[in-house]
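Visitor: Sharing a structure here in structure tokens format.
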Amino acid sequence: MKIVIVGSGNVGYHLADLLVDEGHDIVVIDNHTETLRQRTETLDIIGVDWDGSFFDVQMEADVPNADLLIAVTQRDEVNMLCCLLAKKLGASRTIARVRNPEYSRQLYLLKDELGLSMSINPELAAAREIARILKFPSALKIDTLAKGIVELVQFKLYPDNPLVNKDLHSISNKYAHNILISAVERDNDVHMPTGSYILKADDKVHIVGKSQDITRFFKSINKFLPQSKHILIVGGGHITYHLARQIIAMGMKVKIIENSKKRCEELCEILPKANIVQGDGTDKDLLRAEKLSGVDSFIALTGSDEANLIVSMFAKSQNVPKVITKINRTDYFDVMQKLGIDCVISQQFITSNTIARYVRAMQNTVGNSVETLYKIINDKAEALEFIAKNNTKHLGEPLHKLKLKENLLIAALVRAGKLIIPDGNDVIKINDNVIVVTTKKKLSDLNDIFA
Amino acid sequence: MNYKMISYVLGYVLKIEAAFMTLALVVSLIYKESSALAIGITMAITLATGFLLGSFKLENKVIHVKEGLITVALSWLVMSLLGTLPFYLSGAIPSYLDGFFEVVSGFTTTGASILTDIESLPKGILFWRSFTHWLGGMGILVFVLAILPMTTGHSLHLMRAESPGPETSKLVPNMAKTAKILYTIYFVLTILEIIALMIAGMNLYDAAVHAFGTAGTGGFSVRNASIAAYDSVSVDVIITVFMILFGVNFSLYYLLLAKNFAQVFRSEELRIYLGTIFVAIIIVTWNVLPLYSSLAESLRFSSFQVGSIITTTGFATTDTDVWPQLSKTVLILLMFFGASAGSTGGGLKAVRVLLLFKIAKRNLNKLLHPNTVKIVKLDGKRVSEDTVSGVKTFFLIYLLITAFSVLFVSLDGFDLETTSTAVFACINNIGPGFGMVGATGNYSAFSDFSKIILAFNMLVGRLEVYPMLILFIPSIWRKA
């Protein structure tokens with residue numbers, strides 16, 4: 001497909017990278033000449049150097065013939081204007097990033113007038129993801145599939161974990177009831193494990209199952225952490241606001257440290273139940289004074305990656321049970337993991353996940369299109385959900401007889417609201433939700449899983 | 001430095017070269033020549049070297065600017081070193097160095113030859129000699145990019161290092177698709193010329209080799225007298241038209257196909273290129289009129305020669321050495337002017353000459369009105385100051401290399417006309433110059449040293465200076 005991306009900041013860059021990888025033709029518009037030049041040298045894209053909300057520029061980028069325009073510049077107003085113009089010029093679909101909560105709230109009024117196919121609020125999405133983790137802190141990351149019936153949970157094996165140096169057979173007999181170990185990340189590689197696969201310390205393991213079964217699993221290996229009660233957040237931006245609103249509603253106690261007095265007052269106004277502290281969140285004494293060591297979870301959400309990293313490391317050293325770090329630059333993930341910063345939230349990943357899912361679904365409007373898509377393990381693998389329809393091949397055949405593509409696993413089936421962790425004798429039936437974990441990319445139809 | 005990736009791409013280039021040698025092998029077998037053995041052995045060696053170089057396990061596929069330049073320079077060197085073998089092994093050219101000169105001349109689409117009696121060579125060998133033009137014209141790495149799956153944008157560095165012109169841009173966002181479009185246009189135009197030449201009376205073999213020579217703007221012929229041997233008005237006209245067509249920026253053909261006519265007409269480079277051809281033809285036609293029996297005949301020879309020189313092809317239909325000095329000077333100037341950027345031709349390129357004039361005008365203006373602010377524009381768009389200084393630097397280095405090369409070649413002790421036009425004709429990828437290296441002469445009299453200098457000049461001209469020069473910068477080869 002022909003896709004035009006306006007804005008080549010962190011999100012735009014990551015998106016372009018992802019979509020080029022999936023085989024799309026990408027044109028990037030940005031008025032920052034130097035950044036754009038760098039982007040065109042590292043990615044297989046064309047750059048158009050100017051303001052994306054100008055008619056001439058969109059014409060040069062051939063927007064009238066584009067299948068999709070994605071506006072992810074710094075400013076909400078520009079994004080909306082870009083989409084409005086693109087729609088008038090004839091682009092089939094448009095997506096805008098709208099971050100300001102006030103705009104997001106009124107967007108449902110304007111969506112049709114602006115011709116927006118979708119709007120994304122990365123901060124809100126990030127807040128939702130953090131909230132899910134705070135509910136279940138044993139995990140590094142939780143994604144939900146099949147309308148919440150199935151969860152895909154990532155966790156890390158520390159050396160004291162009883163699963164270390166065990167093979168999957170013995171694990172599934174002893175601990176894993178009704179859950180499936182679907183993918184393992186080891187040394188920056190993705191493994192799709194089989195029964196004889198042996199888990200090692202520092203592996204990142206992905207399991208699929210129902211929420212209760214997963215909780216039971218963590219309890220059985222003594223790694224269960226209850227829902228967090230006391231939360232300390234450093235940084236008072238949009239994510240903090242969305243997050244605090246959600247977790248206060250869940251009954252958690254929230255303390256926010258924010259540097260700007262003005263922002264503190266705003267936060268007081270919009271988050272009456274939160275405890276707002278004005279001060280430098282990277283100040284050791286202040287953190288100690290605000291009883292860092294006593295909280296269940298510590299979340300670093302300042303605008304600076306460096307500050308987030310350093311305070312997170314400090315929180316780890318103070319034995320805070322759960323530390324979550326927001327990072328904008330994603331290229332140093334592997335180094336951070338070595339430093340013990342393993343629960344990382346990145347708006348870029350979340351935004352590009354959402355858009356990639358939308359694009360994948362756009363490609364396939366007739367067949368068994370992608371219902372849900374999560375990029376896992378730094379985009380190296382994907383968890384996808386499809387619904388089997390009557391044009392799905394091999395319906396009713398036992399799974400062990402099917403020839404699937406390599407490095408692909410049918411992780412779960414959901415039939416009439418019930419989760420089935422499939423073995424070789426199970427079959428795919430019509431209307432089943434089929435959940436697939438794979439390192440293959442570009443799957444856009446359920447029939448693509450067959451070799 | 002990512003040596004493994006460089007080696008991997010080199011290996012790929014050689015495998016493709018071996019694949020293309022199959023064509024020469026088939027021709028050799030059809031004519032039942034013993035040279036088939038030499039071509040077969042070369043293919044085996046090239047393929048083996050290709051697999052050897054490509055046998056590394058790649059850890060990362062990232063190509064930075066310098067890797068791009070080095071990959072391109074080394075590809076062309078290695079490709080030429082192995083491409084020489086059919087000449088050498090078959091005994092068609094007894095000296096390896098002479099063979100290397102001939103093949104470099106082929107790949108760089110120069111067309112300068114050391115052969116005195118071309119017609120005595122086996123047809124398979126001559127086919128390979130002309131086919132190197134076709135391969136070198138659009139560039140073998142562009143071909144590699146069309147078929148090698150490289151998802152990173154780093155491949156742009158490869159295309160930029162190989163494609164001529166001050167600014168290289170893709171036609172469509174996807175690099176492989178861009179390369180495929182370029183090669184499709186190239187291929188279709190070549191086929192059209194083969195058909196046209198066959199209608200004009202050539203046999204398939206002659207039509208094909210001359211179409212390769214035209215398409216790459218090379219200039220190797222299989223006849224001693226070049227195109228004059230056919231003495232046919234229609235052949236002359238067909239080749240003149242196609243030479244000029246292959247000297248046009250290929251992205252304009254893409255725009256034509258995309259029905260974007262406005263942008264084609266807006267192209268200042270196209271206008272200056274065609275305008276220069278037009279003016280030069282008028283001057284030369286008028287100047288050489290006394291030598292020929294009619295205006296039509298004068299026009300026929302002068303337009304062919306102008307087209308041949310400005311597109312840096314180097315075919316000949318008449319002995320230009322006997323032309324008056326004015327016409328010879330016009331031709332020498334056209335050598336440097338060159339074809340358009342993004343075409344298969346050599347020389348400075350029309351767009352650079354145009355920009356140099358614009359820059360000169362701006363700077364002169366600045367001298368008179370020191371406080372005025374002016375930007376350089378091309379096709380109505382601003383040309384960045386980076387490009388402006390890039391064009392100036394390029395021009396300077398180009399002239400310096402030309403000057404030093406003339407100095408080195410003059411060690412052979414030939415007259416000034418021969419010495420200087422030999423260098424001009426090589427660095428601008430034309431082939432024949434004036435004097436001893438004129439339309440009826442060749443390069444066999446030069447010493448081995450001069451031949452190496454001239455071969456280097458051809459590579460400098462075709463790859464536009466930087467890839468070749470960077471090989472001589474010591475810091476490039478250091479680790480840190």
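So you can find residues: chains in the structure tokens are A, B, ... in the order shown, residues in each start at 1, and ligands are numbered from 1 in order.
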Just the residues within 8 Å of A:Leu419, please, counting only C-alpha atoms, with nothing from its chain fewer than 2 positions along; format it as an mmCIF file with N, CA and C atoms, in the first residue's frame.

Guide:
data_model
loop_
_atom_site.group_PDB
_atom_site.id
_atom_site.type_symbol
_atom_site.label_atom_id
_atom_site.label_comp_id
_atom_site.auth_asym_id
_atom_site.auth_seq_id
_atom_site.Cartn_x
_atom_site.Cartn_y
_atom_site.Cartn_z
ATOM 1 N N ILE A 149 -10.762 -12.274 27.096
ATOM 2 C CA ILE A 149 -10.836 -13.650 27.611
ATOM 3 C C ILE A 149 -9.429 -14.235 27.751
ATOM 4 N N VAL A 150 -8.582 -13.887 26.832
ATOM 5 C CA VAL A 150 -7.227 -14.442 26.826
ATOM 6 C C VAL A 150 -6.225 -13.339 27.152
ATOM 7 N N GLY A 209 -3.035 -17.517 28.380
ATOM 8 C CA GLY A 209 -4.003 -18.250 29.182
ATOM 9 C C GLY A 209 -5.079 -17.330 29.717
ATOM 10 N N LYS A 210 -5.981 -17.912 30.508
ATOM 11 C CA LYS A 210 -7.000 -17.084 31.146
ATOM 12 C C LYS A 210 -6.391 -16.394 32.343
ATOM 13 N N ALA A 412 -3.837 -20.521 21.144
ATOM 14 C CA ALA A 412 -5.098 -20.674 21.852
ATOM 15 C C ALA A 412 -6.262 -20.604 20.876
ATOM 16 N N LEU A 413 -7.352 -21.249 21.267
ATOM 17 C CA LEU A 413 -8.612 -21.133 20.531
ATOM 18 C C LEU A 413 -9.660 -20.658 21.531
ATOM 19 N N VAL A 414 -10.514 -19.768 21.094
ATOM 20 C CA VAL A 414 -11.607 -19.361 21.965
ATOM 21 C C VAL A 414 -12.901 -19.733 21.252
ATOM 22 N N ARG A 415 -13.652 -20.630 21.880
ATOM 23 C CA ARG A 415 -14.895 -21.096 21.270
ATOM 24 C C ARG A 415 -16.035 -20.786 22.229
ATOM 25 N N GLY A 417 -16.731 -18.195 23.899
ATOM 26 C CA GLY A 417 -16.318 -17.547 25.139
ATOM 27 C C GLY A 417 -15.451 -18.407 26.034
ATOM 28 N N ILE A 421 -6.711 -24.374 25.331
ATOM 29 C CA ILE A 421 -5.281 -24.446 25.000
ATOM 30 C C ILE A 421 -5.134 -25.715 24.172
#

Visitor: Could you write out as a PyMOL selection string the residues of chain B within 10 Å of chain A, counting only C-alpha atoms?

Guide: chain B and resi 62-65+150-157+169-177

Visitor: Put those residues in a file: N, CA and C atoms, as a CSV table (one decimal), in the first residue's frame.

Guide:
chain,number,residue,atom,x,y,z
B,62,VAL,N,24.1,-3.3,7.5
B,62,VAL,CA,24.1,-1.9,7.4
B,62,VAL,C,25.3,-1.4,6.5
B,63,ILE,N,25.0,-0.5,5.6
B,63,ILE,CA,26.0,0.1,4.8
B,63,ILE,C,26.0,1.5,5.0
B,64,HIS,N,27.1,2.1,5.5
B,64,HIS,CA,27.2,3.5,5.7
B,64,HIS,C,27.7,4.1,4.4
B,65,VAL,N,27.9,5.5,4.4
B,65,VAL,CA,28.3,6.1,3.2
B,65,VAL,C,29.6,5.5,2.6
B,150,MET,N,17.0,-6.1,0.2
B,150,MET,CA,17.6,-5.3,1.3
B,150,MET,C,16.5,-4.3,1.8
B,151,THR,N,16.1,-4.6,2.9
B,151,THR,CA,14.9,-3.8,3.4
B,151,THR,C,15.4,-2.4,4.0
B,152,THR,N,16.7,-2.3,4.3
B,152,THR,CA,17.1,-1.0,4.9
B,152,THR,C,17.3,0.0,3.8
B,153,GLY,N,17.1,1.3,4.2
B,153,GLY,CA,17.4,2.4,3.3
B,153,GLY,C,18.8,2.6,3.0
B,154,HIS,N,19.7,1.8,3.7
B,154,HIS,CA,21.1,2.0,3.5
B,154,HIS,C,21.5,1.7,2.1
B,155,SER,N,20.7,1.0,1.4
B,155,SER,CA,21.0,0.6,0.0
B,155,SER,C,21.1,1.9,-0.9
B,156,LEU,N,20.5,3.0,-0.4
B,156,LEU,CA,20.6,4.2,-1.2
B,156,LEU,C,22.0,4.6,-1.4
B,157,HIS,N,22.9,4.3,-0.4
B,157,HIS,CA,24.3,4.7,-0.5
B,157,HIS,C,24.9,4.0,-1.7
B,169,SER,N,17.9,10.6,-6.5
B,169,SER,CA,16.7,10.3,-5.7
B,169,SER,C,16.0,9.1,-6.3
B,170,LYS,N,15.2,8.5,-5.5
B,170,LYS,CA,14.4,7.3,-5.9
B,170,LYS,C,13.2,7.8,-6.7
B,171,LEU,N,12.7,6.9,-7.6
B,171,LEU,CA,11.5,7.2,-8.3
B,171,LEU,C,10.3,6.9,-7.5
B,172,VAL,N,10.4,5.8,-6.8
B,172,VAL,CA,9.3,5.4,-5.9
B,172,VAL,C,9.9,5.1,-4.6
B,173,PRO,N,9.2,5.0,-3.5
B,173,PRO,CA,9.8,4.9,-2.2
B,173,PRO,C,10.6,3.6,-2.1
B,174,ASN,N,10.2,2.5,-2.8
B,174,ASN,CA,10.9,1.3,-2.6
B,174,ASN,C,12.1,1.2,-3.5
B,175,MET,N,13.3,0.9,-3.0
B,175,MET,CA,14.6,0.9,-3.7
B,175,MET,C,14.5,-0.2,-4.8
B,176,ALA,N,14.1,-1.4,-4.5
B,176,ALA,CA,14.1,-2.5,-5.4
B,176,ALA,C,13.2,-2.1,-6.6
B,177,LYS,N,12.0,-1.5,-6.3
B,177,LYS,CA,11.1,-1.1,-7.4
B,177,LYS,C,11.7,-0.1,-8.3

Visitor: Please provide as a CSV table (one decimal) with N, CA and C atoms, in the first residue's frame all residues within 6 Å of stretch 189-200 of chain B, with the sequence filter that same-chain residues fewer than 5 positions apart are discarded (counting only C-alpha atoms).

Guide:
chain,number,residue,atom,x,y,z
B,207,ALA,N,23.0,-5.7,-35.0
B,207,ALA,CA,22.0,-4.8,-34.3
B,207,ALA,C,22.1,-4.8,-32.8
B,208,ALA,N,22.3,-6.0,-32.3
B,208,ALA,CA,22.4,-6.2,-30.8
B,208,ALA,C,23.6,-5.5,-30.3
B,211,ALA,N,23.3,-1.8,-30.5
B,211,ALA,CA,22.3,-1.3,-29.5
B,211,ALA,C,22.9,-1.3,-28.1

Visitor: If you run DSSP on this backbone, which residues of stretch 72-284 of chain A come out as alpha helix (DSSP H), and could you give them as an MDAnalysis selection string?

Guide: chainID A and resid 76:89 101:114 122:135 168:174 211:220 238:249 261:270 284

Visitor: Write the selection just made, keeping C-alpha atoms, as a PDB file, in the first residue's frame?

Guide:
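Result file follows (selection.pdb):
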ATOM      1  CA  ASP A  76      -2.438  18.090  17.396  1.00  0.00           C
ATOM      2  CA  GLU A  77      -3.828  20.953  15.309  1.00  0.00           C
ATOM      3  CA  VAL A  78      -1.384  20.289  12.476  1.00  0.00           C
ATOM      4  CA  ASN A  79      -2.213  16.582  12.587  1.00  0.00           C
ATOM      5  CA  MET A  80      -5.902  17.225  12.285  1.00  0.00           C
ATOM      6  CA  LEU A  81      -5.381  19.755   9.496  1.00  0.00           C
ATOM      7  CA  CYS A  82      -3.185  17.302   7.574  1.00  0.00           C
ATOM      8  CA  CYS A  83      -5.889  14.668   7.761  1.00  0.00           C
ATOM      9  CA  LEU A  84      -8.611  17.099   6.730  1.00  0.00           C
ATOM     10  CA  LEU A  85      -6.628  18.192   3.692  1.00  0.00           C
ATOM     11  CA  ALA A  86      -5.616  14.650   2.767  1.00  0.00           C
ATOM     12  CA  LYS A  87      -9.201  13.476   2.878  1.00  0.00           C
ATOM     13  CA  LYS A  88     -10.280  16.344   0.616  1.00  0.00           C
ATOM     14  CA  LEU A  89      -7.467  15.464  -1.806  1.00  0.00           C
ATOM     15  CA  PRO A 101      -6.994  15.205  26.463  1.00  0.00           C
ATOM     16  CA  GLU A 102      -9.359  18.104  25.752  1.00  0.00           C
ATOM     17  CA  TYR A 103      -9.176  17.475  22.023  1.00  0.00           C
ATOM     18  CA  SER A 104      -9.495  13.731  22.431  1.00  0.00           C
ATOM     19  CA  ARG A 105     -12.688  14.253  24.347  1.00  0.00           C
ATOM     20  CA  GLN A 106     -14.271  16.407  21.657  1.00  0.00           C
ATOM     21  CA  LEU A 107     -12.909  14.329  18.815  1.00  0.00           C
ATOM     22  CA  TYR A 108     -15.974  12.122  18.571  1.00  0.00           C
ATOM     23  CA  LEU A 109     -17.839  15.277  17.552  1.00  0.00           C
ATOM     24  CA  LEU A 110     -15.329  16.154  14.871  1.00  0.00           C
ATOM     25  CA  LYS A 111     -14.233  12.765  13.607  1.00  0.00           C
ATOM     26  CA  ASP A 112     -16.585  12.693  10.624  1.00  0.00           C
ATOM     27  CA  GLU A 113     -16.026  16.324   9.672  1.00  0.00           C
ATOM     28  CA  LEU A 114     -12.281  15.766   9.712  1.00  0.00           C
ATOM     29  CA  PRO A 122      -0.369   7.381  22.682  1.00  0.00           C
ATOM     30  CA  GLU A 123      -0.353   8.752  26.214  1.00  0.00           C
ATOM     31  CA  LEU A 124      -3.749   7.275  26.970  1.00  0.00           C
ATOM     32  CA  ALA A 125      -2.728   3.943  25.469  1.00  0.00           C
ATOM     33  CA  ALA A 126       0.501   3.945  27.469  1.00  0.00           C
ATOM     34  CA  ALA A 127      -1.423   4.754  30.651  1.00  0.00           C
ATOM     35  CA  ARG A 128      -3.762   1.824  30.013  1.00  0.00           C
ATOM     36  CA  GLU A 129      -0.832  -0.493  29.559  1.00  0.00           C
ATOM     37  CA  ILE A 130       0.793   0.650  32.805  1.00  0.00           C
ATOM     38  CA  ALA A 131      -2.492   0.287  34.655  1.00  0.00           C
ATOM     39  CA  ARG A 132      -2.783  -3.326  33.477  1.00  0.00           C
ATOM     40  CA  ILE A 133       0.692  -4.068  34.807  1.00  0.00           C
ATOM     41  CA  LEU A 134      -0.056  -2.428  38.166  1.00  0.00           C
ATOM     42  CA  LYS A 135      -3.035  -4.730  38.478  1.00  0.00           C
ATOM     43  CA  LEU A 168       8.710 -27.513  29.084  1.00  0.00           C
ATOM     44  CA  HIS A 169       7.350 -31.039  29.492  1.00  0.00           C
ATOM     45  CA  SER A 170       8.036 -31.180  33.189  1.00  0.00           C
ATOM     46  CA  ILE A 171       6.891 -27.584  33.648  1.00  0.00           C
ATOM     47  CA  SER A 172       3.546 -28.194  32.036  1.00  0.00           C
ATOM     48  CA  ASN A 173       3.013 -31.333  34.127  1.00  0.00           C
ATOM     49  CA  LYS A 174       3.916 -29.669  37.380  1.00  0.00           C
ATOM     50  CA  SER A 211      -6.413 -14.463  33.778  1.00  0.00           C
ATOM     51  CA  GLN A 212      -7.265 -16.769  36.716  1.00  0.00           C
ATOM     52  CA  ASP A 213      -5.115 -19.600  35.370  1.00  0.00           C
ATOM     53  CA  ILE A 214      -2.186 -17.265  34.947  1.00  0.00           C
ATOM     54  CA  THR A 215      -2.576 -16.011  38.512  1.00  0.00           C
ATOM     55  CA  ARG A 216      -2.656 -19.630  39.712  1.00  0.00           C
ATOM     56  CA  PHE A 217       0.465 -20.352  37.705  1.00  0.00           C
ATOM     57  CA  PHE A 218       2.384 -17.480  39.284  1.00  0.00           C
ATOM     58  CA  LYS A 219       1.220 -18.529  42.735  1.00  0.00           C
ATOM     59  CA  SER A 220       2.388 -22.093  42.133  1.00  0.00           C
ATOM     60  CA  HIS A 238      -0.247  13.486  30.003  1.00  0.00           C
ATOM     61  CA  ILE A 239       0.508   9.824  30.752  1.00  0.00           C
ATOM     62  CA  THR A 240       0.577  10.540  34.461  1.00  0.00           C
ATOM     63  CA  TYR A 241      -2.796  12.226  34.252  1.00  0.00           C
ATOM     64  CA  HIS A 242      -4.454   9.379  32.330  1.00  0.00           C
ATOM     65  CA  LEU A 243      -2.791   6.764  34.511  1.00  0.00           C
ATOM     66  CA  ALA A 244      -3.678   8.416  37.800  1.00  0.00           C
ATOM     67  CA  ARG A 245      -7.312   8.755  36.779  1.00  0.00           C
ATOM     68  CA  GLN A 246      -7.515   5.073  35.981  1.00  0.00           C
ATOM     69  CA  ILE A 247      -5.700   3.651  38.976  1.00  0.00           C
ATOM     70  CA  ILE A 248      -7.334   5.986  41.495  1.00  0.00           C
ATOM     71  CA  ALA A 249     -10.620   4.599  40.232  1.00  0.00           C
ATOM     72  CA  LYS A 261       4.512  24.543  40.159  1.00  0.00           C
ATOM     73  CA  LYS A 262       1.952  25.477  37.552  1.00  0.00           C
ATOM     74  CA  ARG A 263       1.527  21.899  36.406  1.00  0.00           C
ATOM     75  CA  CYS A 264       1.247  20.785  40.042  1.00  0.00           C
ATOM     76  CA  GLU A 265      -1.662  23.132  40.541  1.00  0.00           C
ATOM     77  CA  GLU A 266      -3.310  21.901  37.361  1.00  0.00           C
ATOM     78  CA  LEU A 267      -2.886  18.323  38.510  1.00  0.00           C
ATOM     79  CA  CYS A 268      -4.381  19.181  41.894  1.00  0.00           C
ATOM     80  CA  GLU A 269      -7.393  20.519  40.099  1.00  0.00           C
ATOM     81  CA  ILE A 270      -7.964  17.607  37.748  1.00  0.00           C
ATOM     82  CA  LYS A 284      17.571  11.503  46.000  1.00  0.00           C
TER      83      LYS A 284
END

Visitor: So that I can check the surroundings of B:Arg223, please list as a compact mmCIF listing (two decimals) with C-alpha atoms, in the first residue's frame every protein, DNA and RNA residue that reaches within 10 Å of it, counting only C-alpha atoms and ignoring chain neighbours fewer than 2 positions away.

Guide:
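The resulting file, selection-v3.txt, is reproduced below:
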# COMPACT_ATOMS: atom_id res chain seq x y z
CA ASP B 117 41.87 -5.10 -36.20
CA ILE B 118 38.55 -5.61 -34.43
CA GLU B 119 36.99 -7.74 -37.15
CA SER B 120 39.58 -10.50 -36.67
CA ASP B 206 25.25 -6.43 -35.43
CA PHE B 220 32.46 -0.20 -29.10
CA SER B 221 31.66 -1.37 -32.62
CA ALA B 225 35.38 1.61 -39.36
CA SER B 226 32.70 1.84 -36.61
CA ILE B 227 29.25 2.89 -37.89
CA ALA B 228 30.83 4.28 -41.10
CA ALA B 229 31.21 0.67 -42.23
CA TYR B 230 27.45 0.43 -42.87

Visitor: From the DSSP assignment of the backbone, select every residue of stretch 74-296 of chain A that is strand (DSSP E or B), and format the answer as a PyMOL selection string.

Guide: chain A and resi 93-97+118-120+141-145+150-156+167+179-186+189-191+198+204-209+230-234+253-258+275-278

Visitor: One decimal, Å: what's the distance from atom CA of A:Lys442 over to atom CA of A:Ile376, could you say?

Guide: 14.4 Å

Visitor: Pick out the closest residue to A:Ala183 from this set: A:Ile233, A:Ile207, A:Met1, A:Leu19. Count only C-alpha atoms.

Guide: A:Ile207

Visitor: Residues at most 12 Å from B:Phe404, counting only C-alpha atoms, excluding those fewer than 2 positions away in the same chain, as a ChimeraX atom specification?

Guide: /B:397-402,406-411,419-420,423-424,427,450,453-454,457

Visitor: What is the atom CA of B:Gly216 to atom CA of B:Ile185 distance in Å?

Guide: 12.7 Å
